[in-house]
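With mmCIF, C-alpha atoms and all ligand atoms inside, this is my_file.cif:
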```
data_structure
loop_
_atom_site.label_atom_id
_atom_site.label_comp_id
_atom_site.auth_asym_id
_atom_site.auth_seq_id
_atom_site.Cartn_x
_atom_site.Cartn_y
_atom_site.Cartn_z
CA MET O 1362 -0.58 22.71 10.19
CA ILE O 1363 -4.14 21.67 9.40
CA ILE O 1364 -6.85 24.23 8.70
CA VAL O 1365 -10.37 22.90 9.17
CA THR O 1366 -12.95 24.95 7.31
CA ARG O 1367 -16.50 25.57 8.43
CA ILE O 1368 -19.42 23.60 6.99
CA GLY O 1369 -20.59 25.23 3.77
CA VAL O 1370 -17.30 27.01 3.02
CA THR O 1371 -17.38 28.48 -0.49
CA GLU O 1372 -14.84 27.87 -3.26
CA ASP O 1373 -13.88 31.56 -3.11
CA GLU O 1374 -13.18 31.30 0.60
CA LEU O 1375 -11.10 28.17 0.05
CA ASP O 1376 -9.08 29.97 -2.62
CA GLN O 1377 -8.47 32.90 -0.32
CA ILE O 1378 -7.29 30.70 2.55
CA ARG O 1379 -4.92 28.85 0.21
CA GLU O 1380 -3.59 32.06 -1.33
CA ARG O 1381 -2.83 33.48 2.11
CA VAL O 1382 -0.92 30.36 3.16
CA GLU O 1383 0.89 30.00 -0.16
CA SER O 1384 1.90 33.67 -0.14
CA LEU O 1385 4.05 32.77 2.88
CA GLY O 1386 5.94 30.13 0.93
CA LEU O 1387 4.05 27.04 2.08
CA ARG O 1388 2.24 24.51 -0.11
CA THR O 1389 -1.37 23.54 0.48
CA HIS O 1390 -3.27 20.31 0.00
CA VAL O 1391 -7.05 20.31 -0.01
CA SER O 1392 -8.91 17.26 1.21
CA ARG O 1393 -12.70 17.21 0.83
CA GLY O 1394 -14.78 15.14 3.22
CA GLU O 1395 -18.52 14.65 3.25
CA SER O 1396 -19.23 17.58 5.50
CA ARG O 1397 -15.90 19.37 5.87
CA THR O 1398 -12.90 20.37 3.86
CA VAL O 1399 -9.45 20.29 5.38
CA ILE O 1400 -6.47 22.27 4.11
CA GLY O 1401 -3.08 20.79 4.93
CA CYS O 1402 -0.21 23.28 4.99
CA ILE O 1403 3.17 21.88 4.01
CA GLY O 1404 6.38 23.73 4.77
CA ASP O 1405 7.86 25.94 7.45
CA GLU O 1406 5.06 26.28 10.03
CA GLU O 1407 6.94 29.02 11.86
CA ARG O 1408 5.83 31.36 9.11
CA LEU O 1409 2.19 30.82 10.03
CA GLN O 1410 2.77 31.53 13.71
CA HIS O 1411 1.75 35.18 13.65
CA VAL O 1412 -0.89 35.01 10.96
CA PRO O 1413 -4.43 35.41 12.35
CA LEU O 1414 -5.67 32.40 10.38
CA LEU O 1415 -8.88 32.18 12.42
CA SER O 1416 -9.96 35.56 11.16
CA ILE O 1417 -9.88 34.50 7.50
CA PRO O 1418 -13.48 33.88 6.32
CA GLY O 1419 -14.31 30.19 6.14
CA VAL O 1420 -11.75 29.02 8.72
CA GLU O 1421 -13.20 27.16 11.67
CA SER O 1422 -10.13 25.86 13.49
CA VAL O 1423 -6.37 25.48 13.11
CA HIS O 1424 -4.38 22.51 14.40
CA PRO O 1425 -0.66 21.90 14.48
CA VAL O 1426 0.29 18.30 13.55
CA MET O 1427 2.39 17.15 16.48
CA ARG O 1428 3.53 13.88 14.91
CA PRO O 1429 6.79 13.58 12.96
CA TYR O 1430 4.85 12.59 9.86
CA LYS O 1431 2.45 15.18 8.49
CA LEU O 1432 1.08 14.16 5.08
CA ALA O 1433 0.51 10.60 6.28
CA ALA O 1434 -1.14 11.72 9.54
CA LYS O 1435 -4.82 10.97 9.89
CA GLU O 1436 -5.80 14.64 10.41
CA PHE O 1437 -4.25 15.58 7.08
CA SER O 1438 -7.15 14.06 5.19
CA ALA O 1439 -10.84 14.74 5.71
CA GLN O 1440 -11.59 11.07 5.06
CA PRO O 1441 -9.73 7.78 4.58
CA THR O 1442 -7.75 7.71 1.35
CA ARG O 1443 -9.15 5.47 -1.36
CA ILE O 1444 -6.78 4.30 -4.04
CA PRO O 1445 -8.29 3.00 -7.29
CA ILE O 1446 -6.78 -0.28 -8.48
CA GLY O 1447 -8.42 -1.61 -11.60
CA GLU O 1448 -12.13 -1.88 -10.92
CA VAL O 1449 -12.02 -1.37 -7.15
CA GLN O 1450 -10.76 1.06 -4.56
CA LEU O 1451 -8.33 0.12 -1.84
CA GLY O 1452 -9.48 1.72 1.38
CA GLY O 1453 -13.18 1.44 0.53
CA PRO O 1454 -15.72 -1.08 1.82
CA GLU O 1455 -14.22 -4.05 -0.04
CA VAL O 1456 -11.40 -6.14 1.38
CA VAL O 1457 -9.23 -6.18 -1.74
CA VAL O 1458 -7.22 -9.34 -2.31
CA VAL O 1459 -4.04 -9.15 -4.39
CA ALA O 1460 -2.71 -12.60 -5.26
CA GLY O 1461 -0.08 -14.25 -7.40
CA PRO O 1462 3.29 -15.90 -7.36
CA CYS O 1463 6.26 -14.72 -5.35
CA SER O 1464 8.24 -14.56 -8.61
CA VAL O 1465 7.27 -14.41 -12.24
CA GLU O 1466 8.73 -17.68 -13.55
CA GLY O 1467 7.29 -17.92 -17.06
CA GLU O 1468 4.37 -17.12 -19.33
CA ALA O 1469 2.21 -20.21 -18.79
CA MET O 1470 2.40 -20.23 -14.98
CA LEU O 1471 1.66 -16.51 -14.83
CA ARG O 1472 -1.37 -16.77 -17.11
CA GLU O 1473 -2.72 -19.81 -15.24
CA THR O 1474 -2.26 -18.05 -11.89
CA ALA O 1475 -3.83 -14.79 -13.09
CA LEU O 1476 -6.95 -16.45 -14.49
CA GLY O 1477 -7.25 -18.73 -11.46
CA VAL O 1478 -6.92 -16.03 -8.80
CA LYS O 1479 -9.21 -13.70 -10.74
CA ALA O 1480 -12.00 -16.30 -10.86
CA ALA O 1481 -11.51 -16.92 -7.13
CA GLY O 1482 -12.04 -13.22 -6.32
CA ALA O 1483 -8.62 -11.57 -6.46
CA ARG O 1484 -8.70 -7.98 -7.76
CA ALA O 1485 -5.04 -7.65 -8.75
CA LEU O 1486 -2.13 -9.87 -9.71
CA ARG O 1487 1.13 -9.77 -7.75
CA GLY O 1488 4.42 -11.19 -9.03
CA GLY O 1489 8.05 -10.21 -8.65
CA ALA O 1490 10.21 -9.63 -11.71
CA PHE O 1491 13.06 -8.15 -9.65
CA LYS O 1492 13.45 -10.25 -6.52
CA PRO O 1493 15.26 -9.14 -3.37
CA ARG O 1494 16.79 -12.37 -2.08
CA THR O 1495 18.65 -12.77 1.16
CA SER O 1496 21.23 -14.95 -0.60
CA PRO O 1497 22.82 -13.69 -3.83
CA TYR O 1498 22.84 -17.33 -5.04
CA SER O 1499 19.04 -17.62 -4.98
CA PHE O 1500 16.86 -16.98 -8.07
CA ARG O 1501 16.68 -13.21 -8.45
CA GLY O 1502 13.84 -12.90 -10.91
CA MET O 1503 13.28 -12.70 -14.68
CA GLU O 1504 13.85 -8.93 -14.57
CA GLU O 1505 12.82 -7.05 -17.77
CA GLU O 1506 11.43 -10.21 -19.34
CA GLY O 1507 9.31 -10.69 -16.21
CA LEU O 1508 7.95 -7.16 -16.59
CA GLU O 1509 6.96 -7.90 -20.18
CA LEU O 1510 5.15 -11.05 -19.08
CA LEU O 1511 3.31 -9.13 -16.36
CA ALA O 1512 2.21 -6.49 -18.85
CA ALA O 1513 0.98 -9.12 -21.31
CA THR O 1514 -0.87 -11.02 -18.57
CA ARG O 1515 -2.43 -7.77 -17.42
CA VAL O 1516 -3.97 -7.28 -20.86
CA GLU O 1517 -5.11 -10.90 -21.13
CA SER O 1518 -6.60 -11.23 -17.65
CA GLY O 1519 -7.78 -7.67 -17.10
CA LEU O 1520 -6.15 -7.75 -13.66
CA PRO O 1521 -4.00 -4.79 -12.64
CA VAL O 1522 -0.44 -5.74 -11.75
CA VAL O 1523 1.58 -5.16 -8.56
CA THR O 1524 5.33 -5.72 -8.81
CA GLU O 1525 8.42 -4.81 -6.85
CA VAL O 1526 10.93 -2.13 -7.76
CA MET O 1527 14.27 -2.53 -6.02
CA ASP O 1528 16.42 0.20 -7.43
CA THR O 1529 16.01 3.81 -8.55
CA ARG O 1530 17.29 2.77 -12.00
CA GLN O 1531 14.31 0.41 -12.42
CA VAL O 1532 11.55 2.87 -11.50
CA GLU O 1533 10.81 4.06 -15.02
CA ALA O 1534 10.67 0.56 -16.51
CA VAL O 1535 8.55 -0.85 -13.68
CA ALA O 1536 6.17 2.13 -13.77
CA GLY O 1537 5.83 1.60 -17.51
CA HIS O 1538 4.56 -1.97 -17.03
CA ALA O 1539 2.84 -2.10 -13.64
CA ASP O 1540 -0.21 -0.51 -12.01
CA VAL O 1541 1.25 -0.48 -8.49
CA LEU O 1542 4.93 -0.26 -7.51
CA GLN O 1543 5.88 -2.43 -4.55
CA VAL O 1544 8.72 -1.32 -2.30
CA GLY O 1545 9.78 -4.39 -0.35
CA ALA O 1546 10.64 -4.82 3.32
CA ARG O 1547 14.37 -4.77 2.58
CA ASN O 1548 14.06 -1.40 0.88
CA MET O 1549 11.62 0.35 3.20
CA GLN O 1550 14.33 2.75 4.30
CA ASN O 1551 16.00 3.17 0.92
CA TYR O 1552 15.35 6.90 0.85
CA ALA O 1553 16.61 7.41 -2.69
CA LEU O 1554 14.13 4.78 -3.91
CA LEU O 1555 11.27 6.24 -1.83
CA THR O 1556 11.99 9.67 -3.30
CA GLU O 1557 12.03 8.29 -6.84
CA VAL O 1558 8.75 6.37 -6.54
CA GLY O 1559 7.28 9.54 -5.05
CA ARG O 1560 7.83 11.25 -8.40
CA VAL O 1561 5.80 8.83 -10.53
CA HIS O 1562 2.06 8.66 -10.97
CA ARG O 1563 1.57 5.12 -9.73
CA PRO O 1564 0.35 3.95 -6.33
CA VAL O 1565 3.13 2.61 -4.12
CA LEU O 1566 2.70 -0.51 -1.98
CA LEU O 1567 5.13 0.03 0.87
CA LYS O 1568 6.00 -3.02 2.97
CA ARG O 1569 7.07 -2.68 6.56
CA GLY O 1570 10.77 -3.31 7.09
CA MET O 1571 11.68 -6.37 9.15
CA SER O 1572 12.90 -4.29 12.06
CA ALA O 1573 10.97 -1.11 11.38
CA THR O 1574 8.65 0.45 13.92
CA ILE O 1575 5.22 1.64 12.87
CA GLN O 1576 6.58 5.18 13.04
CA ASP O 1577 9.48 4.23 10.74
CA LEU O 1578 6.94 2.88 8.25
CA LEU O 1579 4.87 6.06 8.36
CA LEU O 1580 7.98 8.20 7.93
CA ALA O 1581 8.95 6.09 4.91
CA ALA O 1582 5.46 6.78 3.48
CA GLU O 1583 6.04 10.46 4.20
CA TYR O 1584 9.14 10.40 1.94
CA VAL O 1585 7.00 9.18 -0.95
CA MET O 1586 4.17 11.62 -0.25
CA LYS O 1587 6.49 14.58 0.14
CA GLN O 1588 7.35 14.19 -3.55
CA GLY O 1589 3.69 14.60 -4.47
CA ASN O 1590 2.61 10.97 -4.74
CA MET O 1591 -0.12 10.66 -2.12
CA ASP O 1592 -1.20 7.15 -3.16
CA VAL O 1593 0.68 5.02 -0.67
CA ILE O 1594 -0.61 1.64 0.51
CA LEU O 1595 0.98 0.37 3.72
CA CYS O 1596 1.59 -3.34 4.26
CA GLU O 1597 2.19 -5.28 7.47
CA ARG O 1598 4.19 -8.38 6.51
CA GLY O 1599 5.59 -9.53 9.82
CA ILE O 1600 8.66 -8.41 11.72
CA ARG O 1601 11.78 -10.15 13.03
CA THR O 1602 11.56 -11.27 16.62
CA PHE O 1603 13.23 -14.02 18.68
CA GLU O 1604 10.50 -16.43 17.53
CA THR O 1605 11.66 -19.07 15.05
CA ALA O 1606 8.49 -21.17 14.66
CA THR O 1607 7.22 -18.72 12.03
CA ARG O 1608 9.19 -16.96 9.29
CA ASN O 1609 8.36 -13.57 10.83
CA THR O 1610 6.07 -12.49 13.64
CA PHE O 1611 2.81 -11.10 12.30
CA ASP O 1612 2.22 -7.84 14.16
CA VAL O 1613 -1.56 -7.81 14.06
CA SER O 1614 -1.71 -4.77 16.34
CA ALA O 1615 0.09 -2.73 13.67
CA ILE O 1616 -3.15 -2.78 11.65
CA PRO O 1617 -5.45 -0.94 14.12
CA VAL O 1618 -2.56 1.30 15.16
CA LEU O 1619 -1.97 2.31 11.54
CA LYS O 1620 -5.69 2.77 10.96
CA SER O 1621 -5.82 5.18 13.89
CA GLU O 1622 -2.65 7.07 12.90
CA THR O 1623 -3.09 7.48 9.16
CA HIS O 1624 -5.67 7.95 6.43
CA LEU O 1625 -3.72 5.60 4.12
CA PRO O 1626 -5.08 2.11 3.32
CA VAL O 1627 -3.47 -0.84 5.10
CA LEU O 1628 -2.83 -4.27 3.63
CA ALA O 1629 -1.64 -7.42 5.38
CA ASP O 1630 0.61 -10.07 3.87
CA PRO O 1631 -0.09 -13.33 5.72
CA SER O 1632 2.22 -15.29 3.36
CA HIS O 1633 5.48 -13.60 4.30
CA ALA O 1634 4.34 -13.07 7.89
CA GLY O 1635 3.84 -16.78 8.59
CA GLY O 1636 6.12 -18.40 6.05
CA TYR O 1637 4.04 -21.58 5.90
CA ARG O 1638 0.93 -22.44 3.91
CA PHE O 1639 -1.15 -23.50 6.93
CA LEU O 1640 -0.68 -20.07 8.52
CA VAL O 1641 -1.98 -18.03 5.59
CA ALA O 1642 -5.70 -18.42 6.35
CA PRO O 1643 -5.61 -17.86 10.14
CA LEU O 1644 -3.36 -14.81 9.80
CA ALA O 1645 -5.60 -13.43 7.05
CA HIS O 1646 -8.66 -13.88 9.27
CA ALA O 1647 -6.92 -12.04 12.09
CA ALA O 1648 -5.91 -9.26 9.70
CA VAL O 1649 -9.46 -8.77 8.47
CA ALA O 1650 -10.79 -8.78 12.03
CA ALA O 1651 -8.19 -6.14 12.91
CA GLY O 1652 -9.39 -3.86 10.11
CA ALA O 1653 -7.10 -4.57 7.14
CA ASP O 1654 -8.27 -3.03 3.86
CA GLY O 1655 -6.83 -5.87 1.83
CA LEU O 1656 -4.53 -8.86 1.66
CA LEU O 1657 -1.45 -9.76 -0.35
CA VAL O 1658 -1.31 -13.53 -0.84
CA GLU O 1659 1.22 -15.74 -2.62
CA VAL O 1660 -0.30 -18.28 -5.01
CA HIS O 1661 1.53 -20.67 -7.34
CA PRO O 1662 0.01 -23.31 -9.65
CA ASP O 1663 2.56 -25.83 -8.39
CA PRO O 1664 4.10 -24.62 -5.12
CA GLU O 1665 6.50 -27.58 -4.86
CA LEU O 1666 8.17 -26.34 -8.02
CA ALA O 1667 8.19 -22.64 -7.08
CA MET O 1668 11.53 -20.89 -7.51
CA SER O 1669 10.88 -18.78 -4.39
CA ASP O 1670 8.63 -19.01 -1.35
CA GLY O 1671 6.94 -22.29 -2.30
CA ASP O 1672 6.39 -23.27 1.35
CA GLN O 1673 4.12 -20.31 1.94
CA SER O 1674 2.34 -20.35 -1.44
CA LEU O 1675 -1.21 -21.64 -1.86
CA ASP O 1676 -2.06 -23.60 -5.00
CA LEU O 1677 -5.04 -22.48 -7.08
CA GLU O 1678 -7.52 -24.82 -5.45
CA GLY O 1679 -6.13 -23.85 -2.05
CA PHE O 1680 -6.64 -20.19 -2.92
CA ARG O 1681 -10.28 -20.78 -3.88
CA ALA O 1682 -10.83 -22.52 -0.55
CA PHE O 1683 -8.97 -19.68 1.19
CA MET O 1684 -11.30 -17.09 -0.37
CA ARG O 1685 -14.40 -19.07 0.58
CA ALA O 1686 -13.22 -19.42 4.18
CA LEU O 1687 -12.35 -15.70 4.29
CA ALA O 1688 -15.85 -14.55 3.32
CA PRO O 1689 -17.56 -14.90 6.75
CA PHE O 1690 -14.73 -13.00 8.45
CA VAL O 1691 -15.09 -10.21 5.89
CA THR O 1692 -18.85 -10.07 6.51
CA ALA O 1693 -18.33 -10.06 10.28
CA ALA O 1694 -15.97 -7.11 9.86
CA GLY O 1695 -18.72 -5.23 8.00
CA ARG O 1696 -16.81 -5.35 4.70
CA THR O 1697 -17.34 -6.95 1.29
CA LEU O 1698 -15.35 -9.39 -0.83
CA ALA O 1699 -15.38 -9.91 -4.60
CA PRO O 1700 -17.63 -12.79 -5.68
CA GLN O 1701 -16.14 -16.09 -6.80
CA GLU O 1702 -16.67 -17.35 -10.36
CA PRO O 1703 -16.31 -20.93 -11.63
CA ALA O 1704 -12.67 -22.00 -11.94
CA PRO O 1705 -11.26 -21.56 -15.50
CA ALA O 1706 -11.14 -24.83 -17.50
C1 LIG E 1 7.48 -10.31 -1.75
O1 LIG E 1 6.39 -9.71 -1.64
O2 LIG E 1 7.65 -11.30 -2.50
C2 LIG E 1 8.60 -9.93 -0.85
C3 LIG E 1 9.86 -10.12 -1.20
O3 LIG E 1 8.16 -9.42 0.31
P1 LIG E 1 8.95 -8.69 1.51
O4 LIG E 1 9.59 -7.49 0.91
O5 LIG E 1 7.84 -8.39 2.46
O6 LIG E 1 9.93 -9.70 2.07
MN MN E 2 7.79 -13.93 -1.65
#
```
Write-out of the structure in structure tokens:
Amino acid sequence: MIIVTRIGVTEDELDQIRERVESLGLRTHVSRGESRTVIGCIGDEERLQHVPLLSIPGVESVHPVMRPYKLAAKEFSAQPTRIPIGEVQLGGPEVVVVAGPCSVEGEAMLRETALGVKAAGARALRGGAFKPRTSPYSFRGMEEEGLELLAATRVESGLPVVTEVMDTRQVEAVAGHADVLQVGARNMQNYALLTEVGRVHRPVLLKRGMSATIQDLLLAAEYVMKQGNMDVILCERGIRTFETATRNTFDVSAIPVLKSETHLPVLADPSHAGGYRFLVAPLAHAAVAAGADGLLVEVHPDPELAMSDGDQSLDLEGFRAFMRALAPFVTAAGRTLAPQEPAPA
């Protein structure tokens, strides 16, 4: 249930509305917009059925949330959610680019990538220390050592770090080293993991499962939010279809659908969606045109030598060119992009 308050509602009135709802055993969540404040009621809505909410001073209207997800639903928040990441906010006017290798492979390559993508306009560094691989014989990441390297590179480059957590037992260690916890496509419906990342105070980057509907994705976000962590970033990364020419099929329509269904920021991952380097720029342009709040892009100093996902990784010069080519699309979408600096020596 969403309670919309009237313009100019006082703090006392807000407190009274919340107290009334909470006295019935529900929780409340206050979301302040520019002109209105919205109170989300979480819990058994049956209990509110016979309460004359409209007669409480300050209440303008009351709306049941008909969708299966509540906290993630657009009406739950008075304005789009903005999630601070380092110096910027995801979900604000800037198209935030997060870039870096698929996997952390060593100190030198991570440092070179971080400094290179930062100069090119990336706002955060991505890199997997724990890698979910389809084959158990593939490289599965540097694990704890990879986390240490990410944390050290974070200090050196000043870029916040996004890295994947695959297992509930890793949540504490990953949260101790990273700024954003990534839950990968293969784990989007790992409800124990979603619950655990919902308990930490770190934004969660939730990737759409390969065969997950948009509703499945929003319900997965709901699991995280239900634990109290409202900072969820959704990511469209392509879905499995009958098409084999691309690694996945980039569902560009998921972006405007998500933007109309939820207040959460939406990223697109053109690297995993396409699977090939030449597809990264066109899919990124489409994503920006469709309203994406940011992009997740794989970059490796030497993609031919990459231990995972080399075919879809841009090299550092390629990433600079990618960012330059992206700029007019960002402007056309009415958004901004971080400026580019000279490449590090
Ligand atoms: C990744 O970001 O490197 C990754 C494994 O992505 P996904 O979970 O989307 O396959
Ligand atoms: Mn990858």
Using all atoms listed in the file, find each protein or nucleic acid residue lying at most 10 Å from ligand LIG 1 (chain E); present the set as a PyMOL selection string.
-> chain O and resi 1461-1464+1487-1495+1523-1525+1527+1543-1549+1566-1571+1596-1600+1609+1629-1634+1657-1659+1669-1670
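Note that CA of Thr1610 (chain O) and CA of Gly1636 (chain O) are 9.6 Å apart.
Using all atoms listed in the file, the nearest neighbour of ligand MN 2 (chain E) within the list O:Glu1380, O:Asp1672, O:Glu1436, O:Glu1702 is O:Asp1672.
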Pick out the residues sitting within 7 Å of region 1535-1541 of chain O, and hand them over as a ChimeraX atom specification; count all atoms listed in the file, and ignore anything fewer than 5 positions along from it in its own chain.
-> /O:1508,1512,1521-1524,1526,1563-1566
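Of the listed residues (O:Thr1514, O:Gln1588, O:Thr1623, O:Gln1450), O:Thr1514 comes nearest to Lys1479 (chain O); the distances count only C-alpha atoms.
Checking O:Ala1704, O:Leu1595, O:Val1465, O:Leu1677 one by one against Gly1502 (chain O), counting all atoms listed in the file, you find the shortest gap at O:Val1465.
The nearest approach to ligand MN 2 (chain E) among the residues O:Leu1414, O:Ala1460, O:Gly1695, O:Gly1559, with all atoms listed in the file taken into account, belongs to O:Ala1460.
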Among listed residues O:Arg1696, O:Arg1515, O:Arg1530, O:Arg1501, nearest ligand MN 2 (chain E) (using only C-alpha atoms and all ligand atoms) | O:Arg1501
Near-Asp1663 (chain O) list (9 Å; only C-alpha atoms; drop same-chain fewer than 2 positions) as a PDB file with C-alpha atoms, in the coordinates of the input:
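Result file follows (around.pdb):
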```pdb
ATOM      1  CA  MET O1470       2.400 -20.230 -14.980  1.00  0.00           C
ATOM      2  CA  VAL O1660      -0.300 -18.280  -5.010  1.00  0.00           C
ATOM      3  CA  HIS O1661       1.530 -20.670  -7.340  1.00  0.00           C
ATOM      4  CA  GLU O1665       6.500 -27.580  -4.860  1.00  0.00           C
ATOM      5  CA  LEU O1666       8.170 -26.340  -8.020  1.00  0.00           C
ATOM      6  CA  ALA O1667       8.190 -22.640  -7.080  1.00  0.00           C
ATOM      7  CA  GLY O1671       6.940 -22.290  -2.300  1.00  0.00           C
ATOM      8  CA  SER O1674       2.340 -20.350  -1.440  1.00  0.00           C
ATOM      9  CA  LEU O1675      -1.210 -21.640  -1.860  1.00  0.00           C
ATOM     10  CA  ASP O1676      -2.060 -23.600  -5.000  1.00  0.00           C
ATOM     11  CA  LEU O1677      -5.040 -22.480  -7.080  1.00  0.00           C
TER      12      LEU O1677
END
```
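Going from CA of Thr1398 (chain O) to CA of Ile1417 (chain O) covers 14.9 Å.
Between Thr1529 (chain O) and the residues O:Val1561, O:Leu1385, O:Leu1511, O:Leu1628, the shortest atom-to-atom distance, using all atoms listed in the file, involves O:Val1561.
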